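Following: one structure in structure tokens, then a few remarks.
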Amino acid sequence: MRIRFSVRRVSFLLPNPTPNWRIPVKSFTTQLSLLQDAPLSFRFFSSSSTSPSSSNPNQYSFTVSYLINSCGLTPQSAQSASQKLHLVTPERPDSVLALLRNYGITDTQLPKLLRVYPTLLLADPEKTLLPKLEFFYSKAFTRADLGSILSSCPMILSRSLDHQIIPCYDFLKSILHLDKRVVSAFKRSPRIFLEDVNKYVVPKITALQEIGVPESSVVFLITHYSNVVQVKHDKFHEIVKEVMEMGFDPLKMVFIKAIHVLAGMSKPTWEHKMEVYRRWGLSNHEIMLLFRAFPICMSLSEKKIMSTMDFLVNKMGWKLTAITRVPSTLSYSLEKRIIPRCSVAKVLILKGLVKKDMGLGTFLRFTEKKFLDRFVIKYENHIPQLLNLYKGEVGILELGFASAEICGVEQL
């Protein structure tokens with residue numbers, strides 16, 4: 001009989017023992033100590049390969065050099081990747097790179113992909129990679145889509161086409177019905193193709209259906225917020241229960257939006273956002289009304305909330321009720337939409353050209369063309385510099401209005 005002692009991945013074979021056989025403790029401990037002090041490349045190796053730095057420095061240098069010069073990795077990233085990858089010749093990796101580039105991977109995306117999955121360079125380009133890439137390309141994915149998706153989640157290419165990728169795609173297609181919706185879901189959360197959908201996704205869909213969530217809402221959830229169905233089961237059920245208790249109606253789309261917001265937010269972050277809104281004089285009840293009307297308001301950053309409220313309340317003189325009546329106002333770009341449009345709206349109100357009670361939503365929801373036609377071009381004869389105001393080339397004060405006037409118009 002032979003006794004094998006394993007320490008980490010290095011094995012010691014001891015001779016056949018006799019009845020009085022004992023391990024020479026001092027000798028064994030000394031050898032183990034020497035072994036643990038040895039270089040990492042000596043201590044850890046597999047039975048099928050040896051460390052390139054100890055057995056073949058040229059091979060090791062070639063791997064690092066190839067990753068830097070042909071793949072665009074930094075020296076540090078190349079050194080790290082070379083611990084998982086031993087290249088001997090350039091033929092195979094050259095073929096892999098050519099295929100990836102042909103299917104949309106750019107030179108900027110390539111390093112991101114190979115930092116995560118360096119052994120992809122050893123894959124068979126024709127038998128393993130090409131069928132997967134052709135499958136995606138046949139399903140309405142553009143090369144730009146593939147480049148973006150694979151660079152953000154390269155391990156998709158490690159999955160079996162027949163046993164993982166195609167079944168997952170077919171499942172999503174059965175729910176979403178259209179290839180473009182599957183593409184949209186995949187682009188937003190590529191990791192869904194790494195999951196066992198029957199284990200992680202189906203139970204969540206079933207739970208939503210049991211409380212009356214309509215098919216259209218389920219389709220919206222997976223198309224736009226596919227990351228939500230990847231959270232742990234317990235957390236998902238807690239979120240759904242909490243949204244129900246907040247008074248959201250499962251039959252309405254806003255129910256799904258609330259789930260999405262809470263799924264991406266910790267309790268401390270939620271409390272912090274509540275505090276940010278309280279700074280502006282809103283009660284907890286008013287904040288919850290805001291959330292029920294427009295759940296995304298709680299996903300906005302503190303900086304975005306504070307800067308938008310400061311402009312609307314302090315600089316433009318709008319009352320809180322005018323803002324809470326149209327909570328989506330908070331999500332618009334301050335520089336590109338809110339400031340230019342509200343500046344125009346304020347001047348038109350001061351001039352008496354539009355009604356004082358015209359809400360913020362009237363100005364902010366229109367498309368660019370509609371807003372220009374209805375509120376700028378229409379009144380240029382009355383206010384020649386209105387377009388310049390909209391473009392930010394002049395301010396309201398430069399049009400002859402006093403600051404007291406600007407903040408003195410009440411909004412009902």
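Every chain in the structure tokens takes a letter, A first, then B, and so on in the order presented; its residues are numbered from 1, and the ligands are numbered from 1 following the presented order.
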
Residues near Tyr66 in chain A, cut-off 10 Å, only C-alpha atoms, skip fewer than 6 positions along chain, as a ChimeraX atom specification
/A:60,72-73,78,82,87,89-90,93-94

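Checking A:Pro154, A:Met246, A:Ile165, A:Leu172 one by one against Ile222 in chain A, counting only C-alpha atoms, you find the shortest gap at A:Leu172.
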
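When the distance limit is 12 Å and only C-alpha atoms are what count, the residues near Glu286 in chain A, minus those fewer than 2 positions from it on the same chain, are Met274, Tyr277, Arg278, Trp280, Gly281, Leu282, Ser283, Asn284, Met288, Leu289, Leu290, Phe291, Arg292, Ala293, Leu320, Thr321, Ile323, Thr324, Arg325 and Pro327 of chain A.
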
Suppose we keep N, CA, C and O atoms; can you now write the selection as a PDB file, in the first residue's frame?
ATOM      1  N   MET A 274     -34.838  59.550   0.227  1.00  0.00           N
ATOM      2  CA  MET A 274     -35.960  60.152   0.947  1.00  0.00           C
ATOM      3  C   MET A 274     -35.509  61.441   1.626  1.00  0.00           C
ATOM      4  O   MET A 274     -36.196  62.467   1.586  1.00  0.00           O
ATOM      5  N   TYR A 277     -35.110  64.437  -0.823  1.00  0.00           N
ATOM      6  CA  TYR A 277     -36.382  65.091  -1.165  1.00  0.00           C
ATOM      7  C   TYR A 277     -36.962  65.865   0.020  1.00  0.00           C
ATOM      8  O   TYR A 277     -37.605  66.905  -0.162  1.00  0.00           O
ATOM      9  N   ARG A 278     -36.720  65.350   1.232  1.00  0.00           N
ATOM     10  CA  ARG A 278     -37.218  66.061   2.418  1.00  0.00           C
ATOM     11  C   ARG A 278     -36.558  67.432   2.568  1.00  0.00           C
ATOM     12  O   ARG A 278     -37.154  68.355   3.135  1.00  0.00           O
ATOM     13  N   TRP A 280     -36.251  69.557   0.459  1.00  0.00           N
ATOM     14  CA  TRP A 280     -37.020  70.532  -0.316  1.00  0.00           C
ATOM     15  C   TRP A 280     -38.429  70.717   0.236  1.00  0.00           C
ATOM     16  O   TRP A 280     -39.289  71.296  -0.425  1.00  0.00           O
ATOM     17  N   GLY A 281     -38.646  70.200   1.419  1.00  0.00           N
ATOM     18  CA  GLY A 281     -39.925  70.443   2.073  1.00  0.00           C
ATOM     19  C   GLY A 281     -40.995  69.410   1.807  1.00  0.00           C
ATOM     20  O   GLY A 281     -42.156  69.595   2.210  1.00  0.00           O
ATOM     21  N   LEU A 282     -40.635  68.311   1.155  1.00  0.00           N
ATOM     22  CA  LEU A 282     -41.626  67.268   0.877  1.00  0.00           C
ATOM     23  C   LEU A 282     -41.749  66.338   2.074  1.00  0.00           C
ATOM     24  O   LEU A 282     -40.751  65.934   2.676  1.00  0.00           O
ATOM     25  N   SER A 283     -42.971  65.983   2.424  1.00  0.00           N
ATOM     26  CA  SER A 283     -43.205  65.023   3.499  1.00  0.00           C
ATOM     27  C   SER A 283     -43.013  63.608   2.966  1.00  0.00           C
ATOM     28  O   SER A 283     -42.956  63.381   1.754  1.00  0.00           O
ATOM     29  N   ASN A 284     -42.923  62.647   3.884  1.00  0.00           N
ATOM     30  CA  ASN A 284     -42.796  61.249   3.456  1.00  0.00           C
ATOM     31  C   ASN A 284     -43.979  60.835   2.589  1.00  0.00           C
ATOM     32  O   ASN A 284     -43.808  60.101   1.597  1.00  0.00           O
ATOM     33  N   MET A 288     -43.792  59.567  -1.331  1.00  0.00           N
ATOM     34  CA  MET A 288     -44.362  58.298  -1.797  1.00  0.00           C
ATOM     35  C   MET A 288     -45.348  58.521  -2.938  1.00  0.00           C
ATOM     36  O   MET A 288     -45.441  57.698  -3.861  1.00  0.00           O
ATOM     37  N   LEU A 289     -46.094  59.631  -2.883  1.00  0.00           N
ATOM     38  CA  LEU A 289     -46.973  59.966  -4.011  1.00  0.00           C
ATOM     39  C   LEU A 289     -46.148  60.207  -5.270  1.00  0.00           C
ATOM     40  O   LEU A 289     -46.529  59.799  -6.375  1.00  0.00           O
ATOM     41  N   LEU A 290     -45.008  60.863  -5.094  1.00  0.00           N
ATOM     42  CA  LEU A 290     -44.095  61.119  -6.201  1.00  0.00           C
ATOM     43  C   LEU A 290     -43.591  59.799  -6.777  1.00  0.00           C
ATOM     44  O   LEU A 290     -43.570  59.602  -7.995  1.00  0.00           O
ATOM     45  N   PHE A 291     -43.208  58.892  -5.891  1.00  0.00           N
ATOM     46  CA  PHE A 291     -42.682  57.594  -6.317  1.00  0.00           C
ATOM     47  C   PHE A 291     -43.746  56.763  -7.021  1.00  0.00           C
ATOM     48  O   PHE A 291     -43.470  56.093  -8.019  1.00  0.00           O
ATOM     49  N   ARG A 292     -44.965  56.791  -6.510  1.00  0.00           N
ATOM     50  CA  ARG A 292     -46.039  56.010  -7.135  1.00  0.00           C
ATOM     51  C   ARG A 292     -46.388  56.537  -8.525  1.00  0.00           C
ATOM     52  O   ARG A 292     -46.795  55.780  -9.396  1.00  0.00           O
ATOM     53  N   ALA A 293     -46.214  57.850  -8.700  1.00  0.00           N
ATOM     54  CA  ALA A 293     -46.494  58.428 -10.017  1.00  0.00           C
ATOM     55  C   ALA A 293     -45.337  58.224 -10.987  1.00  0.00           C
ATOM     56  O   ALA A 293     -45.544  58.024 -12.190  1.00  0.00           O
ATOM     57  N   LEU A 320     -43.322  73.976  -5.549  1.00  0.00           N
ATOM     58  CA  LEU A 320     -43.151  72.520  -5.474  1.00  0.00           C
ATOM     59  C   LEU A 320     -44.320  71.787  -6.118  1.00  0.00           C
ATOM     60  O   LEU A 320     -44.137  70.746  -6.748  1.00  0.00           O
ATOM     61  N   THR A 321     -45.520  72.314  -5.961  1.00  0.00           N
ATOM     62  CA  THR A 321     -46.692  71.632  -6.523  1.00  0.00           C
ATOM     63  C   THR A 321     -46.608  71.531  -8.044  1.00  0.00           C
ATOM     64  O   THR A 321     -47.100  70.569  -8.631  1.00  0.00           O
ATOM     65  N   ILE A 323     -43.937  71.067  -9.701  1.00  0.00           N
ATOM     66  CA  ILE A 323     -42.960  70.014 -10.009  1.00  0.00           C
ATOM     67  C   ILE A 323     -43.523  68.637  -9.680  1.00  0.00           C
ATOM     68  O   ILE A 323     -43.429  67.704 -10.484  1.00  0.00           O
ATOM     69  N   THR A 324     -44.121  68.506  -8.485  1.00  0.00           N
ATOM     70  CA  THR A 324     -44.648  67.199  -8.088  1.00  0.00           C
ATOM     71  C   THR A 324     -45.833  66.775  -8.934  1.00  0.00           C
ATOM     72  O   THR A 324     -46.146  65.593  -9.031  1.00  0.00           O
ATOM     73  N   ARG A 325     -46.493  67.760  -9.553  1.00  0.00           N
ATOM     74  CA  ARG A 325     -47.596  67.440 -10.455  1.00  0.00           C
ATOM     75  C   ARG A 325     -47.092  66.724 -11.710  1.00  0.00           C
ATOM     76  O   ARG A 325     -47.804  65.931 -12.324  1.00  0.00           O
ATOM     77  N   PRO A 327     -43.788  64.785 -12.080  1.00  0.00           N
ATOM     78  CA  PRO A 327     -42.505  64.315 -11.528  1.00  0.00           C
ATOM     79  C   PRO A 327     -41.481  63.885 -12.571  1.00  0.00           C
ATOM     80  O   PRO A 327     -40.284  63.898 -12.301  1.00  0.00           O
TER      81      PRO A 327
END

Using only C-alpha atoms, determine which residues lie at most 8 Å from range 121-135 of chain A, disregarding the query and same-chain residues fewer than 4 positions distant; provide the list as a ChimeraX atom specification.
/A:92-93,95-97,99,103,139,157,161

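Each of A:Cys342, A:Lys356, A:Cys168, A:Glu335 was checked against Val376 in chain A using only C-alpha atoms; the smallest atom-to-atom distance is that of A:Cys342.
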
I want to know what sits within 7 Å of Ser226 in chain A, based on only C-alpha atoms, with residues of the same chain fewer than 3 positions away left out; could you give that as a ChimeraX atom specification?
/A:185,188-189,221-223,229

Write the residues of the preceding selection, restricted to N, CA, C and O atoms, as a CSV table (one decimal), in the first residue's frame.
chain,number,residue,atom,x,y,z
A,185,ALA,N,-33.3,42.8,-24.7
A,185,ALA,CA,-33.1,42.2,-23.4
A,185,ALA,C,-31.6,41.8,-23.2
A,185,ALA,O,-31.0,42.0,-22.2
A,188,ARG,N,-29.2,44.7,-22.8
A,188,ARG,CA,-29.3,45.3,-21.5
A,188,ARG,C,-28.7,44.5,-20.4
A,188,ARG,O,-28.2,45.0,-19.4
A,189,SER,N,-28.8,43.2,-20.5
A,189,SER,CA,-28.3,42.3,-19.5
A,189,SER,C,-27.8,41.0,-20.1
A,189,SER,O,-28.5,40.0,-20.1
A,221,LEU,N,-40.9,44.0,-18.8
A,221,LEU,CA,-39.9,43.7,-17.7
A,221,LEU,C,-38.7,43.0,-18.3
A,221,LEU,O,-37.6,43.5,-18.1
A,222,ILE,N,-38.9,42.0,-19.1
A,222,ILE,CA,-37.8,41.2,-19.6
A,222,ILE,C,-37.1,41.9,-20.7
A,222,ILE,O,-35.8,41.9,-20.9
A,223,THR,N,-37.8,42.7,-21.5
A,223,THR,CA,-37.2,43.5,-22.6
A,223,THR,C,-36.3,44.6,-22.1
A,223,THR,O,-35.2,44.8,-22.6
A,229,VAL,N,-35.0,39.9,-13.3
A,229,VAL,CA,-35.3,38.5,-13.2
A,229,VAL,C,-34.1,37.6,-12.9
A,229,VAL,O,-34.2,36.4,-12.8

Which of A:Ile349, A:Ile175, A:Val276, A:Ile383 sits closest to Val201 in chain A [using only C-alpha atoms]
A:Ile175

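Atom pair CA of Pro340 in chain A / CA of Tyr390 in chain A: separated by 4.8 Å.
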
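Near His260 in chain A, within 9 Å and counting only C-alpha atoms, sit Leu221, Tyr225, Asn227, Val228, Pro295 and Ile296 of chain A; same-chain residues fewer than 6 positions away were not included.
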
Which of range 254-404 of chain A fall in helix (DSSP H, G or I), as an NGL selection string:
:A and (254-263 or 267-278 or 284-293 or 295-298 or 302-315 or 320-324 or 327-331 or 334-350 or 360-364 or 368-379 or 386-391 or 397-399 or 403-404)
